[in-house]
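Working notes for the structure below.
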Amino acid sequence: MSPPRTRAARRRRLRFDGWIAGLGTTSGTRLVLGHWQRSPFGAFSDVMLERADGERLLLAPTRETADFIAATYVFDTVRVLPVRVGVADGTWNVSAGPLELCFATGRRGPLGLLLRAVPGALARHPAWSALLDRPARLLLPGVRTRGSARIGRREWYGARDLRPVRLVSASFEGADLGVTAPVAPPVRFGFGSVPRKPALTRVTTTVALETE
């Protein structure tokens, strides 16, 4: 008789390398851009929005990526549409259906310089993310580096860089979203939020899936 499978053996880990930008606006809409250069789905970008009235939306480029993200986080509305991101001289331009977004990055602060010094292999390891969870909560209220996603999934975030950002322009369905504001209240897509102060973070995200 074969021995029973352990819980660890029933988990499959997927890794996403790229950038996450979190911004608040004076309209009350908060935005989270994921720009993934390497992932199980290839390179792609997605946008999560939470409106002032609490509606949570996902804008994703393919049905495959939309289904995966919606199975990991919680949304009220999911839209599949092209998500285009262009980066030049520290300025990011994002076009995603009804959303037009432009933001610029600033110079790294002490925390960004510290994260840049962490070796990439270490930053990608879930154990490192677990170790940093408590310090991250203290330094960046609302931020968590590990936790449970939707049923059967766990996540770890390994940050490797951090830059402040300022909003240049943003509109949704033709309505101006205003200027840069803190990400407050925190977004409610998953177990944690992005930093309260708008920022661009280089990150490796590991998602563990339970398998039969």
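Every chain in the structure tokens has a letter given in the order shown (A, B, ...), and although residue numbers restart at 1 in each chain, ligands are simply numbered from 1 in the order shown.
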
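Per DSSP on the backbone, helix (DSSP H, G or I) in stretch 111-212 of chain A comprises Leu111, Gly112, Leu113, Leu114, Leu115, Arg116, Gly120, Ala121, Leu122, Ala123, Pro126, Ala127, Trp128, Ser129, Ala130, Leu131, Leu132, Asp133, Arg134, Pro135, Ala136, Arg137, Leu138 and Leu139 of chain A.
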
Write out the residues from the selection above, keeping C-alpha atoms, as a tab-separated table (two decimals), in the first residue's frame.
chain	number	residue	atom	x	y	z
A	111	LEU	CA	13.68	51.12	2.46
A	112	GLY	CA	13.97	50.90	-1.31
A	113	LEU	CA	17.77	50.91	-1.09
A	114	LEU	CA	17.64	48.20	1.57
A	115	LEU	CA	15.38	45.98	-0.52
A	116	ARG	CA	17.65	46.43	-3.54
A	120	GLY	CA	17.28	37.90	-5.70
A	121	ALA	CA	17.44	34.19	-4.82
A	122	LEU	CA	16.72	35.01	-1.18
A	123	ALA	CA	13.91	37.48	-1.95
A	126	PRO	CA	8.77	31.90	0.61
A	127	ALA	CA	10.60	31.41	3.93
A	128	TRP	CA	12.15	34.88	3.54
A	129	SER	CA	8.74	36.40	2.87
A	130	ALA	CA	7.35	34.67	5.96
A	131	LEU	CA	10.22	36.03	8.08
A	132	LEU	CA	9.53	39.60	6.92
A	133	ASP	CA	5.77	39.51	7.47
A	134	ARG	CA	5.81	41.04	10.96
A	135	PRO	CA	8.38	43.79	10.16
A	136	ALA	CA	6.37	44.67	7.03
A	137	ARG	CA	3.20	45.09	9.08
A	138	LEU	CA	5.01	47.44	11.45
A	139	LEU	CA	6.73	49.53	8.78

TODO: Fewer than 2 positions away in the same chain doesn't count, so skip those; otherwise give me all residues within 8 Å of stretch 159-175 of chain A, counting only C-alpha atoms, as a PyMOL selection string.
DONE: chain A and resi 23+98-109+111-113+115-118+120+123+157+177-180+197-204

Task: Distance criterion (only C-alpha atoms): nearest to A:Thr145 out of A:Phe75, A:Phe191, A:Phe68, A:Phe41 - done: A:Phe191

- [ ] Just list the residues in stretch 59-211 of chain A DSSP gives strand (DSSP E) on the backbone, as a VMD selection string.
- [x] chain A and resid 59 to 60 77 to 80 83 to 88 91 to 96 99 to 105 146 to 148 153 to 172 175 to 176 180 to 181 199 to 210

Rows by chain and residue number, stretch 95-151 of chain A within 8 Å of stretch 79-88 of chain A, shortest pair, only C-alpha atoms, as a tab-separated table:
residue	atom	partner	partner_atom	distance
A:Ser95	CA	A:Arg84	CA	5.2
A:Ala96	CA	A:Val83	CA	4.4
A:Gly97	CA	A:Leu81	CA	6.3

How would the residues just chosen look if you wrote them out with N, CA and C atoms as a PDB file, in the first residue's frame?
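Output below, filename result.pdb:
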ATOM      1  N   SER A  95      -3.117  51.563 -20.379  1.00  0.00           N
ATOM      2  CA  SER A  95      -4.406  51.651 -21.061  1.00  0.00           C
ATOM      3  C   SER A  95      -5.095  50.301 -20.906  1.00  0.00           C
ATOM      4  N   ALA A  96      -6.280  50.312 -20.296  1.00  0.00           N
ATOM      5  CA  ALA A  96      -7.002  49.060 -20.041  1.00  0.00           C
ATOM      6  C   ALA A  96      -8.499  49.320 -20.188  1.00  0.00           C
ATOM      7  N   GLY A  97      -8.987  49.262 -21.423  1.00  0.00           N
ATOM      8  CA  GLY A  97     -10.411  49.487 -21.653  1.00  0.00           C
ATOM      9  C   GLY A  97     -10.850  50.850 -21.158  1.00  0.00           C
TER      10      GLY A  97
END

- [ ] Just the residues within 8 Å of A:Gly142, please, counting only C-alpha atoms, with nothing from its chain fewer than 5 positions along; format it as a VMD selection string.
- [x] chain A and resid 137 186 192 to 196

Put those residues in a file: N, CA and C atoms, as an mmCIF file, in the first residue's frame.
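Produced file part-v6.cif, reproduced below:
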data_model
loop_
_atom_site.group_PDB
_atom_site.id
_atom_site.type_symbol
_atom_site.label_atom_id
_atom_site.label_comp_id
_atom_site.auth_asym_id
_atom_site.auth_seq_id
_atom_site.Cartn_x
_atom_site.Cartn_y
_atom_site.Cartn_z
ATOM 1 N N ARG A 137 4.423 44.556 8.465
ATOM 2 C CA ARG A 137 3.195 45.090 9.082
ATOM 3 C C ARG A 137 3.484 46.320 9.921
ATOM 4 N N PRO A 186 -7.642 50.773 2.952
ATOM 5 C CA PRO A 186 -6.895 49.740 2.225
ATOM 6 C C PRO A 186 -7.792 48.995 1.240
ATOM 7 N N GLY A 192 -4.169 41.207 2.213
ATOM 8 C CA GLY A 192 -3.407 42.403 2.542
ATOM 9 C C GLY A 192 -3.601 43.474 1.494
ATOM 10 N N SER A 193 -3.077 44.657 1.789
ATOM 11 C CA SER A 193 -3.187 45.783 0.868
ATOM 12 C C SER A 193 -1.793 46.157 0.370
ATOM 13 N N VAL A 194 -1.740 47.162 -0.476
ATOM 14 C CA VAL A 194 -0.476 47.749 -0.901
ATOM 15 C C VAL A 194 -0.095 48.833 0.114
ATOM 16 N N PRO A 195 1.137 49.370 0.069
ATOM 17 C CA PRO A 195 1.489 50.443 1.006
ATOM 18 C C PRO A 195 0.512 51.619 0.926
ATOM 19 N N ARG A 196 0.257 52.237 2.067
ATOM 20 C CA ARG A 196 -0.672 53.369 2.111
ATOM 21 C C ARG A 196 -0.163 54.526 1.248
#

Open item on the list: Would you pick out the contacts of A:Thr29 at 8 Å or less, using only C-alpha atoms, so that residues sharing its chain but fewer than 6 positions from it are not included, and give the list as a ChimeraX atom specification?
Closed with: /A:49-52,177

TODO: Between A:Leu59, A:Thr25, A:Phe16, A:Arg144, single out the one closest to A:Gly42, counting only C-alpha atoms.
DONE: A:Phe16

Open item on the list: as an NGL selection string, please: the residues near A:Thr205 (cut-off 8 Å, only C-alpha atoms, same-chain neighbours under 6 positions excluded).
Closed with: :A and (15-17 or 124 or 155-158)

What would the file look like if the residues just selected were written as a tab-separated table (two decimals), in the first residue's frame with C-alpha atoms?
chain	number	residue	atom	x	y	z
A	15	ARG	CA	5.88	32.12	-9.39
A	16	PHE	CA	5.26	35.62	-10.79
A	17	ASP	CA	8.14	38.11	-11.20
A	124	ARG	CA	12.15	34.84	-4.05
A	155	GLU	CA	0.67	33.47	-1.17
A	156	TRP	CA	4.08	34.93	-0.39
A	157	TYR	CA	5.39	38.31	-1.57
A	158	GLY	CA	9.14	38.90	-1.81

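Proximity of A:Pro40, A:Pro182, A:Gly190, A:Gly90 to A:Ser27, computed with only C-alpha atoms, is greatest for A:Pro182.
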